[in-house]
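**Q** I have a structure here, written as structure tokens, and I will follow up with some questions on it.
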Amino acid sequence: MLRRFLGAALLFLALASCAAPAPATVTPAASPAPTTISHAEEIRFALVGQPTDVNVWSLFDESGASYANYALHSDANPRLYRLSIPEREFEAFIADGMPSVVTQEGEYYVATVKLQPGLKWSDGTPLTAQDAAFTINTALAFHLSYDWLSAYNPDLLARVEAVDDVTLKFFFQAPFNVGDWQYGALQGPIVSQAYWSSRVLEAVALLPPADLVSSLEKTKAEAATLQARIDADNAQLLTTQVNTPTYTELSARVTRNQNELNSLNFHLVKFQDEYDAALNASRAALFALADDGEPTFGPFLRATQSGETYTREVNPLYPFEQPNFYRAVYRLFDDLTSANNAYQQANVDVVLSFFGAAQAPVAPYYPTSSTYFLVFNPKQAVLAEPSLRKAIACIMGIYAPTELPFESFALQGPWQNVKSPSPCSDLTKQEKIQSAVGILTATGYSWLQEPTSEQAGSGLVLPNGRPFPQLGLLTILPEYDRPRANAAIPIHLQLQYLGIPVNIDATTPDTLRYAVYSSGDYDMAILGYRVSAYPGYLCEWFQTPSPFEYGSDRLKSACQTMTTTADLETARHASNEVQSILLEDLPFIPLYQVLRYEAYQNVTYPFDSVLDGISGLYGAPSLAIPAP
């Protein structure tokens with residue numbers, strides 16, 4: 001955690017400005033061909049929530065992150081790359097082409113990125129590689145969290161240098177993968193160095209001093225060495241005969257080392273407390289900095305407030321396609337009901353909230369990143385047979401779901417393996433039941449009453465001749481998560497149709513998490529995940545130390561490739577292989593995606609639907625088109 005912290009803390013300003021001076025003249029980046037769409041005065045948003053007065057450092061940190069804040073500010077800072085809408089393909093934004101290949105230079109793994117020349121901030125100052133280097137090195141120095149950490153992880157990324165005005169060079173401390181690179185550092189926010197470099201100096205002065213960092217790292221290393229010696233001696237004691245000279249010597253050495261370790265731990269706590277206090281103070285100072293007049297880079301300028309209304313004028317210096325509205329206006333509402341009332345009265349054009357807009361299926365719907373899975377306890381022997389899980393997957397959907405069926409382990413888009421559908425996904429209800437019965441019969445299962453398309457099965461018998469035991473289906477009480485609680489009902493019916501005796505056990509989120517992630521005292525559970533565009537989570541879910549690890553050598557090999565490559569195509573092939581393996585082994589069964597509903601009028605968008613909807617794009621004011 002503290003590795004190279006001192007270097008980042010003291011050198012980030014110098015590294016960001018070590019390139020040659022900017023050229024006297026610059027050429028603006030080429031803009032796409034203009035459209036023939038008429039421009040309108042304004043697009044009117046109903047924004048549910050209350051924005052807070054935060055600067056950019058706080059905005060993308062946990063302290064300032066909120067839906068309302070992101071709706072007003074998230075597109076004001078450029079990124080090197082982004083995901084296209086609606087395809088979600090990785091593409092250049094202010095970068096010029098794709099990043100370089102990764103090479104090793106001494107102890108570092110390095111790669112470079114070119115920026116488009118001629119870019120300008122909203123105040124007319126050049127946007128260059130120095131801005132990106134300054135931003136990233138500042139985020140590393142302060143160990144910022146949340147979105148900053150997702151992009152710029154100080155445990156992995158050592159520093160970034162501006163080689164010249166358009167060239168960035170990244171220095172990683174260890175091999176990195178697509179999740180760290182294309183879906184991490186290359187999509188992080190960038191701020192103006194000219195604006196912020198002098199303003200952050202007082203906060204930089206509050207960072208933990210070099211001698212404290214050195215003492216903390218040294219004490220941690222000494223404590224780790226002593227602990228390793230104690231562990232080794234304790235292991236040897238277990239195989240050493242009691243009351244022998246060797247046993248006595250080992251015992252005495254363990255006692256001495258433990259006493260020394262106790263002393264080190266005392267100092268370690270003291271150093272850590274001092275370090276945390278200094279780091280927290282420096283972050284607080286950074287987050288408190290005023291940002292009046294900060295330049296931005298985006299289709300609209302910074303929001304100005306008048307009472308309960310925020311207005312963003314179009315940015316005339318934005319070099320890419322200009323929006324179809326001259327301004328975006330945001331009216332604030334305390335709740336979705338009042339926002340929808342304003343919408344019904346035609347006072348606003350688009351409703352924006354974290355939970356979508358309309359709450360009844362009377363408007364266009366869209367799939368979200370929120371997904372449900374039926375999870376099997378890998379330590380439950382009766383559920384260890386893959387054919388049983390495949391048969392269960394086959395009958396999913398014989399009762400109409402209340403959400404959108406999810407038949408993959410990755411979201412729709414470039415990372416979803418469309419060549420490996422879930423079992424029985426294209427079959428009719430009758431065919432699903434017949435297929436499930438065939439799978440179980442071939443494995444040695446039988447029934448007192450076999451399920452058919454006309455009647456449910458009962459008395460399922462294991463291949464060893466014993467009755468199938470009673471199982472529990474763990475889920476959430478409806479007051480905590482109604483969609484997930486509702487999802488348990490058709491699953492319960494489908495399992496019973498197959499003759500599997502099962503009870504629904506609805507409980508609190510804390511109890512469910514403890515059962516699944518700590519005690520392991522459960523059979524099956526319905527878990528909800530808000531999954532990311534890049535499916536790196538799949539290897540995290542099913543590899544050590546995850547409680548869902550199930551010992552697949554094939555999966556381990558595919559994940560080894562996926563988690564160690566920074567090449568997009570190599571990672572894509574490995575991801576497809578991971579998904580194919582999971583759809584064969586089915587440690588989880590994908591169930592549903594949460595559906596939400598749009599509320600927009602007087603405008604259209606250049607796509608029929610998009611993952612997480614218009615609210616997920618914070619209204620996408622730069623893409624909206626005035627309705628004829």
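Chains: A, B, ... in order of the structure tokens. Residues: from 1 per chain. Ligands: from 1, in order shown.
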Show me, as JSON, numbers by chain, the residues that have an atom within 8 Å of stretch 123-130 of chain A when counting only C-alpha atoms, minus same-chain residues fewer than 3 positions from it.
**A** {"A": [16, 17, 19, 115, 117, 118, 119, 120, 133, 134, 161, 162, 163, 164, 165, 166, 167, 168, 192, 193, 295, 296, 317]}
**Q** What would the file look like if the residues just selected were written as a PDB file, in the first residue's frame with C-alpha atoms?
**A**
ATOM      1  CA  ALA A  16       3.634  16.271 -14.697  1.00  0.00           C
ATOM      2  CA  SER A  17       5.519  19.245 -16.076  1.00  0.00           C
ATOM      3  CA  ALA A  19       7.906  17.848 -21.001  1.00  0.00           C
ATOM      4  CA  LEU A 115      -3.313  12.428 -27.100  1.00  0.00           C
ATOM      5  CA  PRO A 117      -3.200  17.571 -30.593  1.00  0.00           C
ATOM      6  CA  GLY A 118      -4.939  20.895 -30.374  1.00  0.00           C
ATOM      7  CA  LEU A 119      -7.424  20.099 -27.610  1.00  0.00           C
ATOM      8  CA  LYS A 120      -8.527  22.998 -25.398  1.00  0.00           C
ATOM      9  CA  ALA A 133       0.147  13.200 -15.731  1.00  0.00           C
ATOM     10  CA  PHE A 134      -0.556  15.823 -13.066  1.00  0.00           C
ATOM     11  CA  GLU A 161       5.158  10.960 -17.057  1.00  0.00           C
ATOM     12  CA  ALA A 162       4.389  13.462 -19.809  1.00  0.00           C
ATOM     13  CA  VAL A 163       7.050  12.658 -22.417  1.00  0.00           C
ATOM     14  CA  ASP A 164       5.865  15.611 -24.506  1.00  0.00           C
ATOM     15  CA  ASP A 165       2.647  17.551 -25.001  1.00  0.00           C
ATOM     16  CA  VAL A 166       0.826  14.599 -26.553  1.00  0.00           C
ATOM     17  CA  THR A 167       2.587  11.543 -25.110  1.00  0.00           C
ATOM     18  CA  LEU A 168       1.935   9.889 -21.751  1.00  0.00           C
ATOM     19  CA  SER A 192      -6.420  21.017 -15.618  1.00  0.00           C
ATOM     20  CA  GLN A 193      -2.871  21.258 -14.282  1.00  0.00           C
ATOM     21  CA  PRO A 295     -12.094  24.894 -16.739  1.00  0.00           C
ATOM     22  CA  THR A 296     -13.838  21.800 -18.049  1.00  0.00           C
ATOM     23  CA  LEU A 317     -14.725  25.049 -27.588  1.00  0.00           C
TER      24      LEU A 317
END
**Q** Residues within 9 Å of stretch 251-259 of chain A, please, as a ChimeraX atom specification. Count only C-alpha atoms; anything in the same chain fewer than 2 positions from it doesn't count.
**A** /A:226-227,229-231,233-234,237,246-249,261-264
**Q** Using N, CA, C and O atoms, can you write the selected residues to a file as a PDB file, in the first residue's frame?
**A**
ATOM      1  N   LEU A 226       9.387 -11.380  11.376  1.00  0.00           N
ATOM      2  CA  LEU A 226       9.271 -12.061  12.670  1.00  0.00           C
ATOM      3  C   LEU A 226       8.092 -13.024  12.695  1.00  0.00           C
ATOM      4  O   LEU A 226       8.183 -14.144  13.198  1.00  0.00           O
ATOM      5  N   GLN A 227       6.962 -12.593  12.123  1.00  0.00           N
ATOM      6  CA  GLN A 227       5.788 -13.464  12.104  1.00  0.00           C
ATOM      7  C   GLN A 227       6.061 -14.730  11.307  1.00  0.00           C
ATOM      8  O   GLN A 227       5.630 -15.832  11.691  1.00  0.00           O
ATOM      9  N   ARG A 229       8.961 -16.197  10.986  1.00  0.00           N
ATOM     10  CA  ARG A 229       9.828 -17.060  11.806  1.00  0.00           C
ATOM     11  C   ARG A 229       9.012 -17.779  12.884  1.00  0.00           C
ATOM     12  O   ARG A 229       9.219 -18.971  13.147  1.00  0.00           O
ATOM     13  N   ILE A 230       8.100 -17.047  13.512  1.00  0.00           N
ATOM     14  CA  ILE A 230       7.254 -17.649  14.546  1.00  0.00           C
ATOM     15  C   ILE A 230       6.393 -18.760  13.951  1.00  0.00           C
ATOM     16  O   ILE A 230       6.258 -19.844  14.531  1.00  0.00           O
ATOM     17  N   ASP A 231       5.810 -18.508  12.780  1.00  0.00           N
ATOM     18  CA  ASP A 231       4.972 -19.522  12.132  1.00  0.00           C
ATOM     19  C   ASP A 231       5.776 -20.763  11.790  1.00  0.00           C
ATOM     20  O   ASP A 231       5.306 -21.897  11.979  1.00  0.00           O
ATOM     21  N   ASP A 233       8.581 -21.832  13.264  1.00  0.00           N
ATOM     22  CA  ASP A 233       8.953 -22.543  14.499  1.00  0.00           C
ATOM     23  C   ASP A 233       7.752 -23.266  15.106  1.00  0.00           C
ATOM     24  O   ASP A 233       7.885 -24.390  15.604  1.00  0.00           O
ATOM     25  N   ASN A 234       6.567 -22.635  15.068  1.00  0.00           N
ATOM     26  CA  ASN A 234       5.369 -23.297  15.589  1.00  0.00           C
ATOM     27  C   ASN A 234       5.030 -24.541  14.785  1.00  0.00           C
ATOM     28  O   ASN A 234       4.600 -25.561  15.339  1.00  0.00           O
ATOM     29  N   LEU A 237       7.377 -27.197  15.898  1.00  0.00           N
ATOM     30  CA  LEU A 237       7.034 -27.706  17.223  1.00  0.00           C
ATOM     31  C   LEU A 237       6.009 -28.832  17.164  1.00  0.00           C
ATOM     32  O   LEU A 237       6.047 -29.771  17.982  1.00  0.00           O
ATOM     33  N   THR A 246      15.645 -29.867  21.509  1.00  0.00           N
ATOM     34  CA  THR A 246      15.167 -29.136  20.324  1.00  0.00           C
ATOM     35  C   THR A 246      13.839 -28.451  20.596  1.00  0.00           C
ATOM     36  O   THR A 246      13.614 -27.294  20.221  1.00  0.00           O
ATOM     37  N   TYR A 247      12.940 -29.162  21.269  1.00  0.00           N
ATOM     38  CA  TYR A 247      11.630 -28.601  21.591  1.00  0.00           C
ATOM     39  C   TYR A 247      11.796 -27.391  22.524  1.00  0.00           C
ATOM     40  O   TYR A 247      11.151 -26.357  22.346  1.00  0.00           O
ATOM     41  N   THR A 248      12.674 -27.535  23.518  1.00  0.00           N
ATOM     42  CA  THR A 248      12.906 -26.444  24.464  1.00  0.00           C
ATOM     43  C   THR A 248      13.479 -25.220  23.771  1.00  0.00           C
ATOM     44  O   THR A 248      13.054 -24.080  24.016  1.00  0.00           O
ATOM     45  N   GLU A 249      14.427 -25.442  22.851  1.00  0.00           N
ATOM     46  CA  GLU A 249      15.043 -24.333  22.123  1.00  0.00           C
ATOM     47  C   GLU A 249      14.025 -23.631  21.224  1.00  0.00           C
ATOM     48  O   GLU A 249      13.966 -22.399  21.163  1.00  0.00           O
ATOM     49  N   LEU A 261       7.901  -9.237  18.566  1.00  0.00           N
ATOM     50  CA  LEU A 261       6.819  -8.885  17.653  1.00  0.00           C
ATOM     51  C   LEU A 261       5.776  -8.019  18.353  1.00  0.00           C
ATOM     52  O   LEU A 261       5.243  -7.073  17.759  1.00  0.00           O
ATOM     53  N   ASN A 262       5.493  -8.319  19.613  1.00  0.00           N
ATOM     54  CA  ASN A 262       4.543  -7.502  20.368  1.00  0.00           C
ATOM     55  C   ASN A 262       5.012  -6.054  20.458  1.00  0.00           C
ATOM     56  O   ASN A 262       4.220  -5.113  20.329  1.00  0.00           O
ATOM     57  N   SER A 263       6.310  -5.886  20.657  1.00  0.00           N
ATOM     58  CA  SER A 263       6.865  -4.535  20.725  1.00  0.00           C
ATOM     59  C   SER A 263       6.765  -3.827  19.371  1.00  0.00           C
ATOM     60  O   SER A 263       6.396  -2.651  19.297  1.00  0.00           O
ATOM     61  N   LEU A 264       7.087  -4.576  18.308  1.00  0.00           N
ATOM     62  CA  LEU A 264       6.992  -3.997  16.969  1.00  0.00           C
ATOM     63  C   LEU A 264       5.548  -3.604  16.646  1.00  0.00           C
ATOM     64  O   LEU A 264       5.289  -2.548  16.071  1.00  0.00           O
TER      65      LEU A 264
END
**Q** Which of stretch 170-370 of chain A end up as strand (DSSP E) when DSSP is run on this backbone - answer as a list in words?
**A** Phe170, Phe171, Phe172, Thr304, Gln305, Ser306, Thr309, Tyr310, Thr311, Arg312, Glu313, Phe325, Tyr326, Arg327, Ala328, Val329, Tyr330, Arg331, Leu332, Phe333, Val350, Val351, Leu352, Tyr365, Tyr366, Pro367, Thr368, Ser369 and Ser370 of chain A
**Q** Using C-alpha atoms, can you export the residues from the last selection as a PDB file, in the first residue's frame?
**A**
ATOM      1  CA  PHE A 170       2.608   4.855 -17.604  1.00  0.00           C
ATOM      2  CA  PHE A 171       4.857   3.039 -15.124  1.00  0.00           C
ATOM      3  CA  PHE A 172       3.305  -0.009 -13.441  1.00  0.00           C
ATOM      4  CA  THR A 304     -24.708  27.598 -12.624  1.00  0.00           C
ATOM      5  CA  GLN A 305     -27.312  27.548  -9.868  1.00  0.00           C
ATOM      6  CA  SER A 306     -30.416  29.666  -9.441  1.00  0.00           C
ATOM      7  CA  THR A 309     -32.455  24.988 -10.889  1.00  0.00           C
ATOM      8  CA  TYR A 310     -29.042  24.303 -12.420  1.00  0.00           C
ATOM      9  CA  THR A 311     -28.191  25.370 -15.965  1.00  0.00           C
ATOM     10  CA  ARG A 312     -25.337  24.247 -18.207  1.00  0.00           C
ATOM     11  CA  GLU A 313     -24.643  26.206 -21.377  1.00  0.00           C
ATOM     12  CA  PHE A 325     -29.490  21.908 -27.421  1.00  0.00           C
ATOM     13  CA  TYR A 326     -27.954  25.224 -26.440  1.00  0.00           C
ATOM     14  CA  ARG A 327     -28.356  24.456 -22.752  1.00  0.00           C
ATOM     15  CA  ALA A 328     -29.281  21.693 -20.332  1.00  0.00           C
ATOM     16  CA  VAL A 329     -31.546  22.721 -17.452  1.00  0.00           C
ATOM     17  CA  TYR A 330     -31.941  20.632 -14.305  1.00  0.00           C
ATOM     18  CA  ARG A 331     -34.843  21.155 -11.878  1.00  0.00           C
ATOM     19  CA  LEU A 332     -34.374  19.467  -8.514  1.00  0.00           C
ATOM     20  CA  PHE A 333     -36.982  17.205  -6.923  1.00  0.00           C
ATOM     21  CA  VAL A 350     -36.605  13.765 -19.028  1.00  0.00           C
ATOM     22  CA  VAL A 351     -36.765  12.279 -15.526  1.00  0.00           C
ATOM     23  CA  LEU A 352     -33.402  11.327 -13.987  1.00  0.00           C
ATOM     24  CA  TYR A 365     -38.077  -0.356 -20.456  1.00  0.00           C
ATOM     25  CA  TYR A 366     -34.372  -1.067 -20.428  1.00  0.00           C
ATOM     26  CA  PRO A 367     -32.081  -3.709 -18.901  1.00  0.00           C
ATOM     27  CA  THR A 368     -29.785  -2.655 -16.086  1.00  0.00           C
ATOM     28  CA  SER A 369     -26.432  -3.856 -14.793  1.00  0.00           C
ATOM     29  CA  SER A 370     -28.210  -5.322 -11.762  1.00  0.00           C
TER      30      SER A 370
END
**Q** List as a PDB file with C-alpha atoms, in the first residue's frame the protein and nucleic acid residues near stretch 203-220 of chain A, meaning an atom at most 7 Å away when only C-alpha atoms are counted, but skip any in the same chain fewer than 2 places from it.
**A**
ATOM      1  CA  LEU A   6       7.074   9.066  -0.982  1.00  0.00           C
ATOM      2  CA  VAL A 200      -3.184  21.764  -4.159  1.00  0.00           C
ATOM      3  CA  LEU A 201       0.194  22.705  -2.648  1.00  0.00           C
ATOM      4  CA  GLU A 222      10.296  -6.363  10.311  1.00  0.00           C
ATOM      5  CA  ALA A 223       6.977  -7.515  11.787  1.00  0.00           C
ATOM      6  CA  ALA A 224       6.264  -9.669   8.725  1.00  0.00           C
ATOM      7  CA  LEU A 264       6.992  -3.997  16.969  1.00  0.00           C
ATOM      8  CA  LEU A 268       3.330  -0.232  14.172  1.00  0.00           C
ATOM      9  CA  PHE A 271       3.011   4.789  13.125  1.00  0.00           C
ATOM     10  CA  GLN A 272      -0.140   3.679  11.329  1.00  0.00           C
ATOM     11  CA  TYR A 275       0.069   8.037   8.957  1.00  0.00           C
ATOM     12  CA  ALA A 278      -1.888  12.864   8.180  1.00  0.00           C
ATOM     13  CA  LEU A 279      -3.393  11.278   5.071  1.00  0.00           C
ATOM     14  CA  ALA A 281      -5.995  15.640   6.964  1.00  0.00           C
ATOM     15  CA  SER A 282      -4.388  16.090   3.551  1.00  0.00           C
ATOM     16  CA  ALA A 285      -7.770  19.850   2.722  1.00  0.00           C
ATOM     17  CA  LEU A 286      -7.828  18.695  -0.907  1.00  0.00           C
TER      18      LEU A 286
END
**Q** Quick check, in Å to one decimal: how far apart do atom CA of A:Leu140 and atom CA of A:Asp292 lie?
**A**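 Pair atom CA of A:Leu140 / atom CA of A:Asp292 returns 24.1 Å.
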**Q** For atom CA of A:Ala346 and atom CA of A:Pro364, determine how far apart the two atoms are, in Å to one decimal place.
**A**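 The value is 17.6 Å.
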**Q** When you look at stretch 600-603 of chain A with a cut-off of 12 Å (counting only C-alpha atoms), what residues show up, excluding the ones that are within fewer than 4 positions of it in the same chain? I need them as a count of residues only.
**A** 42
**Q** In terms of the shortest atom-to-atom distance over only C-alpha atoms, which of A:Cys424, A:Cys539, A:Ala277, A:Ala288 is closest to A:Thr564?
**A** A:Cys539
**Q** So which residues of stretch 204-448 of chain A fall under alpha helix (DSSP H) by DSSP, listed as a PyMOL selection string?
**A** chain A and resi 204-205+210-237+245-287+336-344+386-395+429-443
**Q** Please report the interatomic distance between atom CA of A:Ala393 and atom CA of A:Phe355 in Å with one decimal.
**A**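 It comes out at 29.3 Å.
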